[in-house]
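Listing of structure-v3.txt; format and content: compact mmCIF, C-alpha atoms and all ligand atoms.
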# COMPACT_ATOMS: atom_id res chain seq x y z
CA MET A 291 0.00 0.00 0.00
CA LYS A 292 1.24 3.49 -0.84
CA VAL A 293 2.08 5.53 2.22
CA SER A 294 1.09 9.20 2.00
CA TYR A 295 3.28 12.16 2.82
CA PHE A 296 1.81 15.03 4.83
CA LEU A 297 3.01 18.53 5.63
CA ALA A 298 2.54 19.13 9.37
CA PRO A 299 0.38 21.94 10.69
CA MET A 300 2.73 24.68 11.93
CA ALA A 301 1.65 28.06 13.25
CA GLU A 302 3.08 30.90 11.17
CA LEU A 303 4.70 28.41 8.79
CA SER A 304 2.32 26.06 6.96
CA HIS A 305 0.46 28.86 5.18
CA ARG A 306 -0.16 29.19 1.47
CA ALA A 307 3.27 30.61 0.62
CA LEU A 308 5.04 27.52 2.00
CA ARG A 309 2.52 25.22 0.33
CA GLU A 310 3.14 26.96 -3.01
CA LEU A 311 6.88 26.52 -2.57
CA ILE A 312 6.48 22.82 -1.78
CA GLU A 313 4.19 22.43 -4.79
CA ASP A 314 6.86 24.08 -6.97
CA PHE A 315 9.10 21.14 -6.10
CA GLY A 316 6.40 18.54 -6.73
CA GLY A 317 4.19 18.69 -3.65
CA CYS A 318 2.98 16.20 -1.07
CA ASP A 319 -0.31 14.36 -0.49
CA SER A 320 -1.91 16.52 2.22
CA TYR A 321 -1.13 19.97 3.51
CA PHE A 322 -2.28 20.68 7.05
CA THR A 323 -2.85 24.39 7.62
CA GLU A 324 -1.51 26.21 10.64
CA MET A 325 -4.02 25.90 13.46
CA ILE A 326 -7.07 28.10 12.97
CA SER A 327 -8.74 29.38 16.12
CA ALA A 328 -12.42 28.38 16.17
CA THR A 329 -13.15 31.46 18.28
CA ALA A 330 -11.29 33.94 16.07
CA LEU A 331 -12.87 32.55 12.90
CA PHE A 332 -16.21 34.17 13.70
CA ALA A 333 -14.91 37.24 15.48
CA GLY A 334 -14.69 39.16 12.21
CA GLY A 335 -10.92 39.69 12.41
CA PRO A 336 -9.08 41.02 9.35
CA PHE A 337 -6.80 38.01 8.95
CA GLU A 338 -9.19 35.07 8.90
CA LYS A 339 -9.49 35.07 5.13
CA TRP A 340 -5.76 34.40 4.92
CA TYR A 341 -5.99 31.48 7.33
CA ILE A 342 -8.74 29.84 5.31
CA ASP A 343 -7.01 30.22 1.95
CA ALA A 344 -6.67 26.56 0.91
CA GLY A 345 -4.53 27.22 -2.16
CA PRO A 346 -2.72 26.21 -4.22
CA LYS A 347 -4.34 22.75 -4.06
CA PRO A 348 -7.54 22.94 -2.02
CA GLU A 349 -8.19 19.27 -2.75
CA LYS A 350 -5.07 18.44 -0.71
CA CYS A 351 -5.58 21.02 2.03
CA VAL A 352 -6.69 20.02 5.53
CA PHE A 353 -7.90 22.83 7.77
CA GLN A 354 -6.73 22.38 11.33
CA LEU A 355 -8.95 23.77 14.08
CA VAL A 356 -7.95 24.64 17.61
CA GLY A 357 -10.31 25.60 20.40
CA SER A 358 -11.79 24.64 23.73
CA ASP A 359 -15.49 25.10 23.21
CA SER A 360 -17.20 22.18 21.45
CA GLY A 361 -20.00 24.38 20.12
CA GLN A 362 -17.56 26.84 18.57
CA ILE A 363 -15.34 24.11 17.12
CA SER A 364 -18.36 22.34 15.62
CA ARG A 365 -19.64 25.55 14.06
CA ALA A 366 -16.19 26.31 12.65
CA ALA A 367 -15.83 22.75 11.32
CA ALA A 368 -19.20 22.97 9.57
CA PHE A 369 -18.20 26.30 8.02
CA LEU A 370 -14.80 25.05 6.79
CA ASP A 371 -16.32 21.82 5.50
CA ARG A 372 -18.36 23.87 3.04
CA LEU A 373 -15.18 25.36 1.54
CA GLU A 374 -13.15 23.33 -0.93
CA CYS A 375 -10.71 21.24 1.09
CA ALA A 376 -9.60 17.67 1.79
CA GLY A 377 -10.65 17.51 5.41
CA ILE A 378 -10.93 18.98 8.87
CA ASP A 379 -8.38 18.19 11.57
CA ILE A 380 -8.86 18.81 15.27
CA ASN A 381 -5.82 19.87 17.24
CA MET A 382 -5.55 17.74 20.39
CA GLY A 383 -1.77 17.82 20.45
CA CYS A 384 -0.58 21.40 20.86
CA SER A 385 1.32 21.49 24.13
CA ALA A 386 2.00 25.25 24.30
CA PRO A 387 1.06 26.23 27.86
CA LEU A 388 -1.01 29.22 26.70
CA ILE A 389 -3.13 26.97 24.47
CA ARG A 390 -3.47 24.19 27.04
CA LYS A 391 -4.45 26.58 29.79
CA THR A 392 -7.57 27.55 27.85
CA GLY A 393 -8.63 23.90 27.51
CA SER A 394 -7.48 23.72 23.86
CA GLY A 395 -4.92 21.58 22.05
CA ALA A 396 -3.43 18.82 24.19
CA ALA A 397 -5.81 19.68 27.05
CA TRP A 398 -8.39 17.57 25.19
CA MET A 399 -6.28 14.51 25.96
CA ALA A 400 -7.08 14.82 29.67
CA SER A 401 -10.55 13.34 29.23
CA VAL A 402 -11.72 10.54 26.94
CA ASP A 403 -15.35 11.58 27.39
CA ARG A 404 -14.84 15.28 26.69
CA ALA A 405 -12.87 14.50 23.52
CA GLY A 406 -15.34 11.81 22.42
CA GLU A 407 -18.29 14.14 22.88
CA LEU A 408 -16.54 16.80 20.80
CA ILE A 409 -16.07 14.40 17.89
CA SER A 410 -19.65 13.13 18.15
CA GLN A 411 -20.87 16.74 17.95
CA ILE A 412 -18.73 17.59 14.92
CA ARG A 413 -19.24 14.35 12.98
CA PRO A 414 -22.74 14.95 11.58
CA LEU A 415 -21.70 18.43 10.43
CA VAL A 416 -18.67 17.37 8.40
CA LYS A 417 -18.77 15.43 5.14
CA ARG A 418 -15.06 15.52 4.46
CA ARG A 419 -12.34 13.49 6.21
CA LEU A 420 -12.41 14.21 9.93
CA SER A 421 -9.07 13.68 11.62
CA VAL A 422 -7.35 14.34 14.93
CA LYS A 423 -3.71 15.16 15.63
CA LEU A 424 -2.53 14.23 19.09
CA ARG A 425 0.32 13.18 21.35
CA ILE A 426 0.80 10.11 23.56
CA GLY A 427 -1.01 11.86 26.40
CA PHE A 428 -0.05 13.50 29.66
CA LYS A 429 1.81 10.38 30.77
CA ASP A 430 3.70 7.70 28.91
CA ASP A 431 0.68 5.40 29.10
CA PHE A 432 0.01 3.44 25.91
CA GLU A 433 -3.17 1.85 27.28
CA TYR A 434 -4.69 5.25 27.86
CA LEU A 435 -3.68 6.35 24.36
CA VAL A 436 -5.43 3.31 22.85
CA LYS A 437 -8.56 3.92 24.92
CA PHE A 438 -8.58 7.57 23.88
CA CYS A 439 -8.11 6.82 20.18
CA ARG A 440 -10.66 3.98 20.15
CA ARG A 441 -13.25 6.41 21.46
CA LEU A 442 -12.33 8.96 18.77
CA GLU A 443 -12.62 6.19 16.20
CA ALA A 444 -16.01 5.05 17.54
CA GLU A 445 -17.30 8.63 17.24
CA GLY A 446 -16.32 8.83 13.56
CA THR A 447 -12.72 10.05 13.38
CA GLU A 448 -11.26 8.80 10.10
CA LEU A 449 -7.54 9.40 10.59
CA ILE A 450 -5.26 9.95 13.58
CA THR A 451 -1.85 11.57 13.43
CA LEU A 452 0.31 10.62 16.37
CA HIS A 453 3.23 12.82 17.37
CA PRO A 454 4.62 10.27 19.82
CA ARG A 455 5.77 12.45 22.66
CA THR A 456 3.98 13.12 25.91
CA VAL A 457 2.32 16.50 26.34
CA THR A 458 5.13 17.92 28.44
CA GLU A 459 8.03 16.61 26.37
CA LYS A 460 9.88 19.11 24.25
CA PHE A 461 11.81 18.32 21.09
CA LYS A 462 14.92 17.19 22.98
CA ARG A 463 13.59 13.71 23.70
CA LEU A 464 13.17 11.69 20.51
CA ALA A 465 9.72 10.85 19.20
CA ARG A 466 8.78 7.24 20.09
CA TRP A 467 7.94 5.95 16.63
CA GLU A 468 7.29 2.43 17.93
CA TYR A 469 4.02 3.83 19.33
CA VAL A 470 2.85 4.70 15.80
CA GLY A 471 2.98 1.08 14.64
CA ALA A 472 1.60 -0.20 17.95
CA LEU A 473 -1.36 2.21 17.81
CA ARG A 474 -2.06 1.25 14.22
CA GLN A 475 -2.42 -2.39 15.36
CA GLU A 476 -5.14 -1.36 17.77
CA LEU A 477 -7.28 0.73 15.41
CA LYS A 478 -9.21 0.19 12.19
CA ILE A 479 -8.63 3.71 10.88
CA PRO A 480 -5.36 4.89 9.30
CA VAL A 481 -2.61 6.22 11.55
CA ALA A 482 -0.06 8.80 10.45
CA GLY A 483 3.24 9.17 12.27
CA ASN A 484 5.00 12.45 12.93
CA GLY A 485 8.17 13.60 14.62
CA ASP A 486 11.87 14.14 13.98
CA ILE A 487 11.93 13.40 10.25
CA ALA A 488 15.16 15.15 9.26
CA ASN A 489 15.48 14.39 5.56
CA ALA A 490 14.05 12.49 2.60
CA GLN A 491 15.91 9.31 3.52
CA GLU A 492 14.15 9.23 6.90
CA LEU A 493 10.83 9.99 5.29
CA ILE A 494 11.32 6.92 3.11
CA ARG A 495 12.48 4.83 6.05
CA ARG A 496 9.46 5.75 8.18
CA ALA A 497 7.11 5.19 5.25
CA GLY A 498 8.51 1.66 5.04
CA GLY A 499 7.43 0.96 8.63
CA PRO A 500 3.97 0.25 10.00
CA CYS A 501 2.04 3.47 9.32
CA ASP A 502 -0.36 4.83 6.72
CA ALA A 503 1.20 8.26 6.34
CA VAL A 504 4.30 10.13 7.41
CA MET A 505 4.02 13.76 8.38
CA ALA A 506 7.00 16.12 8.26
CA GLY A 507 7.12 19.55 9.83
CA ARG A 508 10.36 21.41 10.47
CA ALA A 509 12.32 19.45 7.87
CA ALA A 510 9.84 20.48 5.18
CA VAL A 511 10.56 24.13 6.01
CA ARG A 512 14.29 23.53 5.82
CA GLN A 513 13.93 21.44 2.66
CA PRO A 514 10.67 22.21 0.84
CA TRP A 515 11.82 19.64 -1.74
CA ILE A 516 11.85 16.82 0.85
CA PHE A 517 8.68 15.13 -0.43
CA ALA A 518 9.81 15.30 -4.06
CA GLU A 519 13.16 13.87 -3.07
CA ALA A 520 11.47 11.03 -1.19
CA ARG A 521 9.18 10.26 -4.14
CA GLU A 522 12.28 9.87 -6.25
CA ARG A 523 13.47 7.29 -3.73
CA GLY A 524 16.03 9.58 -2.21
CA GLY A 525 17.52 10.87 -5.44
CA ARG A 526 19.45 13.93 -4.27
CA TYR A 527 17.82 17.21 -5.04
CA ILE A 528 20.19 20.14 -5.19
CA PRO A 529 18.08 23.24 -5.52
CA ASN A 530 19.43 26.73 -5.88
CA LEU A 531 19.11 27.98 -2.31
CA GLU A 532 19.30 31.68 -3.13
CA GLU A 533 16.54 31.39 -5.70
CA THR A 534 14.40 29.26 -3.39
CA GLY A 535 14.65 31.90 -0.66
CA LEU A 536 13.76 34.66 -3.11
CA ARG A 537 10.85 32.63 -4.44
CA PHE A 538 9.56 32.26 -0.87
CA ILE A 539 9.72 36.03 -0.35
CA GLU A 540 7.81 36.52 -3.61
CA LEU A 541 5.14 34.01 -2.51
CA LEU A 542 4.90 35.59 0.92
CA THR A 543 4.23 38.97 -0.67
CA LYS A 544 1.53 37.45 -2.84
CA TYR A 545 -0.23 35.16 -0.40
CA GLN A 546 0.12 36.65 3.08
CA PRO A 547 -1.10 39.99 4.44
CA VAL A 548 1.53 42.69 4.72
CA GLU A 549 1.24 42.64 8.52
CA PHE A 550 2.58 39.05 8.49
CA HIS A 551 5.45 39.47 6.02
CA VAL A 552 8.30 40.11 8.42
CA SER A 553 7.30 37.65 11.16
CA ARG A 554 6.62 34.85 8.65
CA ALA A 555 9.84 35.52 6.75
CA LYS A 556 11.84 35.32 9.99
CA ARG A 557 10.06 32.09 10.94
CA PHE A 558 10.83 30.52 7.57
CA PHE A 559 14.44 31.65 7.31
CA GLY A 560 14.97 30.57 10.92
CA PHE A 561 14.79 27.03 9.53
CA PHE A 562 15.87 27.54 5.92
CA CYS A 563 19.19 29.13 6.91
CA ASP A 564 20.21 25.78 8.41
CA ASN A 565 21.09 24.78 4.82
CA LEU A 566 23.86 27.37 4.73
CA LYS A 567 27.41 27.32 5.97
CA TRP A 568 27.08 30.57 7.93
CA GLY A 569 23.38 30.01 8.61
CA THR A 570 23.34 31.08 12.26
CA TYR A 571 25.14 34.32 11.47
CA LEU A 572 22.74 35.02 8.60
CA LYS A 573 19.70 34.23 10.79
CA ASN A 574 20.86 36.82 13.31
CA GLN A 575 21.33 39.37 10.56
CA LEU A 576 17.88 38.69 9.12
CA ASN A 577 16.30 38.93 12.56
CA ARG A 578 17.61 42.46 12.92
CA GLU A 579 15.68 43.62 9.83
CA GLU A 580 12.37 45.39 10.24
CA GLY A 581 11.05 45.07 6.70
CA LEU A 582 10.79 42.43 3.99
CA ALA A 583 12.84 44.54 1.56
CA GLY A 584 15.69 44.58 4.08
CA ILE A 585 15.40 40.81 4.57
CA GLU A 586 15.62 40.31 0.81
CA LEU A 587 18.71 42.54 0.56
CA VAL A 588 20.50 40.73 3.38
CA TRP A 589 19.64 37.40 1.77
CA LYS A 590 21.04 38.44 -1.62
CA GLU A 591 24.12 39.98 -0.04
CA TYR A 592 24.93 36.69 1.70
CA PHE A 593 25.12 34.92 -1.66
CA LYS A 594 27.28 37.66 -3.12
CA GLN A 595 29.72 37.19 -0.27
CA ASN A 596 29.60 33.43 0.12
CA GLU A 597 29.55 30.52 -2.19
CA ASN A 598 27.12 27.77 -1.27
C1 LIG A 601 6.80 26.46 14.75
C2 LIG A 601 5.89 25.29 14.99
C3 LIG A 601 4.51 25.49 14.97
C4 LIG A 601 3.64 24.40 15.19
N1 LIG A 601 2.29 24.62 15.11
C5 LIG A 601 1.44 23.55 15.21
C6 LIG A 601 0.05 23.71 14.97
O1 LIG A 601 -0.45 24.80 14.63
N2 LIG A 601 -0.74 22.60 15.12
C7 LIG A 601 -0.23 21.37 15.46
O2 LIG A 601 -0.99 20.40 15.58
N3 LIG A 601 1.09 21.20 15.65
C8 LIG A 601 1.93 22.25 15.51
N4 LIG A 601 3.27 22.05 15.63
C9 LIG A 601 3.81 20.67 15.83
C10 LIG A 601 4.11 20.05 14.45
O3 LIG A 601 2.93 19.85 13.70
C11 LIG A 601 4.80 18.68 14.62
O4 LIG A 601 3.98 17.85 15.38
C12 LIG A 601 6.16 18.80 15.31
O5 LIG A 601 6.91 19.88 14.79
C13 LIG A 601 6.97 17.50 15.16
O6 LIG A 601 7.21 17.22 13.79
P1 LIG A 601 8.64 17.53 13.09
O7 LIG A 601 9.68 16.90 13.94
O8 LIG A 601 8.52 16.91 11.73
O9 LIG A 601 8.79 19.01 13.04
C14 LIG A 601 4.16 23.11 15.44
C15 LIG A 601 5.54 22.93 15.45
C16 LIG A 601 6.40 23.99 15.22
C17 LIG A 601 7.90 23.75 15.20

Rendering of file as structure tokens:
Amino acid sequence: MKVSYFLAPMAELSHRALRELIEDFGGCDSYFTEMISATALFAGGPFEKWYIDAGPKPEKCVFQLVGSDSGQISRAAAFLDRLECAGIDINMGCSAPLIRKTGSGAAWMASVDRAGELISQIRPLVKRRLSVKLRIGFKDDFEYLVKFCRRLEAEGTELITLHPRTVTEKFKRLARWEYVGALRQELKIPVAGNGDIANAQELIRRAGGPCDAVMAGRAAVRQPWIFAEARERGGRYIPNLEETGLRFIELLTKYQPVEFHVSRAKRFFGFFCDNLKWGTYLKNQLNREEGLAGIELVWKEYFKQNEN
């Protein structure tokens, strides 16, 4: 069976400009949007239209929702389901303390019943694929994870993405990929695995293990060609890094509101600069800039001064 490749949902990163860039290189199977706040969606804010832009391939775009109120999340899911997209994903994995404190993200993992009731409320309102992204749980307790996911499955969840770390674990401890295969054994629905994919070779390796999809996050920002490279069975892709950076700036200008340009550029280059010999130095230089034009100049200057 063909294993799918997913782009992970990442706040301030997995927006349309990054998706366009990844598509330029050949794309992946599903693009998860950055988390969209169910509350903010109906508050009439000026930026919501940017968050719900499913381009360039709406048929591959999965809107991820975050929130704490089941009524609000259900209403938001019903609204997004009417737009062209591949599915709706519920964020039950975000461990950021500010998100958890409000009862959102990973806070859902504290109660099987609360999470189950949320899915049962959303299910009749959504025709497209309904999925959940989550972690192991608050403790390293596989039995609890299985119980939690079985309930989600019974309520109509069609896909689960497991980022196999506990809620309080940061990136330092490695993701426990053995949990992905073990969870898949316990469920009837597909299970995607996510965490610590560093390059195309690892994407291929994980896809060869027991899972239905492999999701990459940070590595796909560093190497937007990672999925294309994996599809070509690891055939080395050597893109022009200067041009790729400039293309990203162009896409950012086109597909993100001006208020987001600088913060999103810094987010992206914070990862993309890792491809360069003097990447840390360049990152610091870019972070000092206050406008996108300045960021572009510093970027070009680096390539004038250094061969890569
Ligand atoms: C900057 C950043 C933002 C993230 N935002 C989200 C998010 O909005 N929703 C979500 O479910 N996970 C989010 N995550 C977690 C990623 O989806 C993913 O689970 C994590 O980065 C591990 O995958 P990786 O090792 O391939 O990066 C974020 C991660 C990062 C680094």

Where does chain A meet ligand LIG 601 (chain A) within 9 Å, residue by residue, with the nearest atom pair and distance in Å to one decimal for each, counting only C-alpha atoms and all ligand atoms, listed by chain and rising number, as JSON lines?
{"residue": "A:Leu297", "atom": "CA", "partner": "A:LIG601", "partner_atom": "O3", "distance": 8.2}
{"residue": "A:Ala298", "atom": "CA", "partner": "A:LIG601", "partner_atom": "O3", "distance": 4.4}
{"residue": "A:Pro299", "atom": "CA", "partner": "A:LIG601", "partner_atom": "O3", "distance": 4.5}
{"residue": "A:Met300", "atom": "CA", "partner": "A:LIG601", "partner_atom": "N1", "distance": 3.2}
{"residue": "A:Ala301", "atom": "CA", "partner": "A:LIG601", "partner_atom": "N1", "distance": 4.0}
{"residue": "A:Glu302", "atom": "CA", "partner": "A:LIG601", "partner_atom": "C3", "distance": 6.8}
{"residue": "A:Leu303", "atom": "CA", "partner": "A:LIG601", "partner_atom": "C1", "distance": 6.6}
{"residue": "A:Ser304", "atom": "CA", "partner": "A:LIG601", "partner_atom": "O1", "distance": 8.3}
{"residue": "A:Phe322", "atom": "CA", "partner": "A:LIG601", "partner_atom": "N2", "distance": 8.4}
{"residue": "A:Thr323", "atom": "CA", "partner": "A:LIG601", "partner_atom": "O1", "distance": 7.4}
{"residue": "A:Glu324", "atom": "CA", "partner": "A:LIG601", "partner_atom": "O1", "distance": 4.4}
{"residue": "A:Met325", "atom": "CA", "partner": "A:LIG601", "partner_atom": "O1", "distance": 3.9}
{"residue": "A:Ile326", "atom": "CA", "partner": "A:LIG601", "partner_atom": "O1", "distance": 7.6}
{"residue": "A:Gln354", "atom": "CA", "partner": "A:LIG601", "partner_atom": "N2", "distance": 7.1}
{"residue": "A:Leu355", "atom": "CA", "partner": "A:LIG601", "partner_atom": "N2", "distance": 8.4}
{"residue": "A:Val356", "atom": "CA", "partner": "A:LIG601", "partner_atom": "N2", "distance": 7.9}
{"residue": "A:Asp379", "atom": "CA", "partner": "A:LIG601", "partner_atom": "O2", "distance": 8.7}
{"residue": "A:Ile380", "atom": "CA", "partner": "A:LIG601", "partner_atom": "O2", "distance": 8.0}
{"residue": "A:Asn381", "atom": "CA", "partner": "A:LIG601", "partner_atom": "O2", "distance": 5.1}
{"residue": "A:Met382", "atom": "CA", "partner": "A:LIG601", "partner_atom": "O2", "distance": 7.1}
{"residue": "A:Gly383", "atom": "CA", "partner": "A:LIG601", "partner_atom": "O2", "distance": 5.6}
{"residue": "A:Cys384", "atom": "CA", "partner": "A:LIG601", "partner_atom": "O2", "distance": 5.4}
{"residue": "A:Ser385", "atom": "CA", "partner": "A:LIG601", "partner_atom": "N3", "distance": 8.5}
{"residue": "A:Gly395", "atom": "CA", "partner": "A:LIG601", "partner_atom": "O2", "distance": 7.7}
{"residue": "A:Val422", "atom": "CA", "partner": "A:LIG601", "partner_atom": "O2", "distance": 8.8}
{"residue": "A:Lys423", "atom": "CA", "partner": "A:LIG601", "partner_atom": "O2", "distance": 5.9}
{"residue": "A:Leu424", "atom": "CA", "partner": "A:LIG601", "partner_atom": "O2", "distance": 7.3}
{"residue": "A:Arg425", "atom": "CA", "partner": "A:LIG601", "partner_atom": "O4", "distance": 8.4}
{"residue": "A:Thr451", "atom": "CA", "partner": "A:LIG601", "partner_atom": "O4", "distance": 8.8}
{"residue": "A:Leu452", "atom": "CA", "partner": "A:LIG601", "partner_atom": "O4", "distance": 8.2}
{"residue": "A:His453", "atom": "CA", "partner": "A:LIG601", "partner_atom": "O4", "distance": 5.5}
{"residue": "A:Pro454", "atom": "CA", "partner": "A:LIG601", "partner_atom": "O4", "distance": 8.8}
{"residue": "A:Phe461", "atom": "CA", "partner": "A:LIG601", "partner_atom": "O7", "distance": 7.6}
{"residue": "A:Ala465", "atom": "CA", "partner": "A:LIG601", "partner_atom": "O7", "distance": 8.0}
{"residue": "A:Asn484", "atom": "CA", "partner": "A:LIG601", "partner_atom": "O6", "distance": 5.3}
{"residue": "A:Gly485", "atom": "CA", "partner": "A:LIG601", "partner_atom": "O7", "distance": 3.7}
{"residue": "A:Asp486", "atom": "CA", "partner": "A:LIG601", "partner_atom": "O7", "distance": 3.5}
{"residue": "A:Ile487", "atom": "CA", "partner": "A:LIG601", "partner_atom": "O8", "distance": 5.1}
{"residue": "A:Ala488", "atom": "CA", "partner": "A:LIG601", "partner_atom": "O8", "distance": 7.3}
{"residue": "A:Met505", "atom": "CA", "partner": "A:LIG601", "partner_atom": "O8", "distance": 6.4}
{"residue": "A:Ala506", "atom": "CA", "partner": "A:LIG601", "partner_atom": "O8", "distance": 3.9}
{"residue": "A:Gly507", "atom": "CA", "partner": "A:LIG601", "partner_atom": "O8", "distance": 3.5}
{"residue": "A:Arg508", "atom": "CA", "partner": "A:LIG601", "partner_atom": "O9", "distance": 3.9}
{"residue": "A:Ala509", "atom": "CA", "partner": "A:LIG601", "partner_atom": "O8", "distance": 6.0}
{"residue": "A:Ala510", "atom": "CA", "partner": "A:LIG601", "partner_atom": "O8", "distance": 7.6}
{"residue": "A:Val511", "atom": "CA", "partner": "A:LIG601", "partner_atom": "O9", "distance": 8.9}
{"residue": "A:Arg557", "atom": "CA", "partner": "A:LIG601", "partner_atom": "C1", "distance": 7.5}

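All residues of protein, DNA or RNA that reach within 7 Å of range 387-394 of chain A, judged by all atoms listed in the file and not counting those fewer than 3 positions away in the chain, are Val356, Gly357, Ser358, Ala397 and Trp398 of chain A.
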
Just-selected residues, C-alpha atoms written as an mmCIF file, keeping the file's coordinate frame:
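Output saved as result.cif:
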data_model
loop_
_atom_site.group_PDB
_atom_site.id
_atom_site.type_symbol
_atom_site.label_atom_id
_atom_site.label_comp_id
_atom_site.auth_asym_id
_atom_site.auth_seq_id
_atom_site.Cartn_x
_atom_site.Cartn_y
_atom_site.Cartn_z
ATOM 1 C CA VAL A 356 -7.950 24.640 17.610
ATOM 2 C CA GLY A 357 -10.310 25.600 20.400
ATOM 3 C CA SER A 358 -11.790 24.640 23.730
ATOM 4 C CA ALA A 397 -5.810 19.680 27.050
ATOM 5 C CA TRP A 398 -8.390 17.570 25.190
#

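In this comparison, which uses all atoms listed in the file, the residue of A:Phe438, A:Glu579, A:Ser410, A:Lys417 approaching Arg372 in chain A most closely is A:Lys417.
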
- Query: Near Ile342 in chain A, counting all atoms listed in the file, which residues have an atom at most 12 Å away, once you skip same-chain residues fewer than 4 positions from it, shown as a PyMOL selection string?
  - Reply: chain A and resi 304-306+322-328+330-331+336-338+346+348+351-355+366-367+369-375+378+545-546

- Message: The residues within 10 Å of (4.4, 5.2, 27.8), using only C-alpha atoms and the coordinates of the file, should be reported as a PyMOL selection string; which are they?
- Response: chain A and resi 426-435+454-456+466+469

Can we get range 463-475 of chain A of that structure written down with N, CA and C atoms, as a PDB file, in the first residue's frame?
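Result file is result_10.pdb:
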ATOM      1  N   ARG A 463      13.766  15.171  23.648  1.00  0.00           N
ATOM      2  CA  ARG A 463      13.595  13.711  23.700  1.00  0.00           C
ATOM      3  C   ARG A 463      13.036  13.239  22.352  1.00  0.00           C
ATOM      4  N   LEU A 464      13.585  12.162  21.837  1.00  0.00           N
ATOM      5  CA  LEU A 464      13.166  11.694  20.506  1.00  0.00           C
ATOM      6  C   LEU A 464      11.731  11.181  20.498  1.00  0.00           C
ATOM      7  N   ALA A 465      11.066  11.379  19.373  1.00  0.00           N
ATOM      8  CA  ALA A 465       9.716  10.851  19.197  1.00  0.00           C
ATOM      9  C   ALA A 465       9.768   9.326  19.245  1.00  0.00           C
ATOM     10  N   ARG A 466       8.763   8.704  19.922  1.00  0.00           N
ATOM     11  CA  ARG A 466       8.784   7.236  20.091  1.00  0.00           C
ATOM     12  C   ARG A 466       7.957   6.598  18.963  1.00  0.00           C
ATOM     13  N   TRP A 467       8.624   6.437  17.833  1.00  0.00           N
ATOM     14  CA  TRP A 467       7.940   5.947  16.635  1.00  0.00           C
ATOM     15  C   TRP A 467       7.333   4.560  16.799  1.00  0.00           C
ATOM     16  N   GLU A 468       7.859   3.778  17.746  1.00  0.00           N
ATOM     17  CA  GLU A 468       7.295   2.428  17.934  1.00  0.00           C
ATOM     18  C   GLU A 468       5.820   2.521  18.345  1.00  0.00           C
ATOM     19  N   TYR A 469       5.418   3.651  18.928  1.00  0.00           N
ATOM     20  CA  TYR A 469       4.015   3.835  19.328  1.00  0.00           C
ATOM     21  C   TYR A 469       3.100   3.991  18.109  1.00  0.00           C
ATOM     22  N   VAL A 470       3.666   4.478  17.003  1.00  0.00           N
ATOM     23  CA  VAL A 470       2.850   4.697  15.801  1.00  0.00           C
ATOM     24  C   VAL A 470       2.375   3.341  15.277  1.00  0.00           C
ATOM     25  N   GLY A 471       3.326   2.420  15.113  1.00  0.00           N
ATOM     26  CA  GLY A 471       2.984   1.078  14.636  1.00  0.00           C
ATOM     27  C   GLY A 471       2.091   0.348  15.627  1.00  0.00           C
ATOM     28  N   ALA A 472       2.388   0.505  16.922  1.00  0.00           N
ATOM     29  CA  ALA A 472       1.600  -0.195  17.951  1.00  0.00           C
ATOM     30  C   ALA A 472       0.158   0.330  17.970  1.00  0.00           C
ATOM     31  N   LEU A 473       0.003   1.634  17.807  1.00  0.00           N
ATOM     32  CA  LEU A 473      -1.357   2.207  17.807  1.00  0.00           C
ATOM     33  C   LEU A 473      -2.131   1.729  16.574  1.00  0.00           C
ATOM     34  N   ARG A 474      -1.422   1.675  15.471  1.00  0.00           N
ATOM     35  CA  ARG A 474      -2.061   1.246  14.219  1.00  0.00           C
ATOM     36  C   ARG A 474      -2.646  -0.169  14.350  1.00  0.00           C
ATOM     37  N   GLN A 475      -1.946  -1.010  15.098  1.00  0.00           N
ATOM     38  CA  GLN A 475      -2.416  -2.390  15.356  1.00  0.00           C
ATOM     39  C   GLN A 475      -3.746  -2.412  16.093  1.00  0.00           C
TER      40      GLN A 475
END
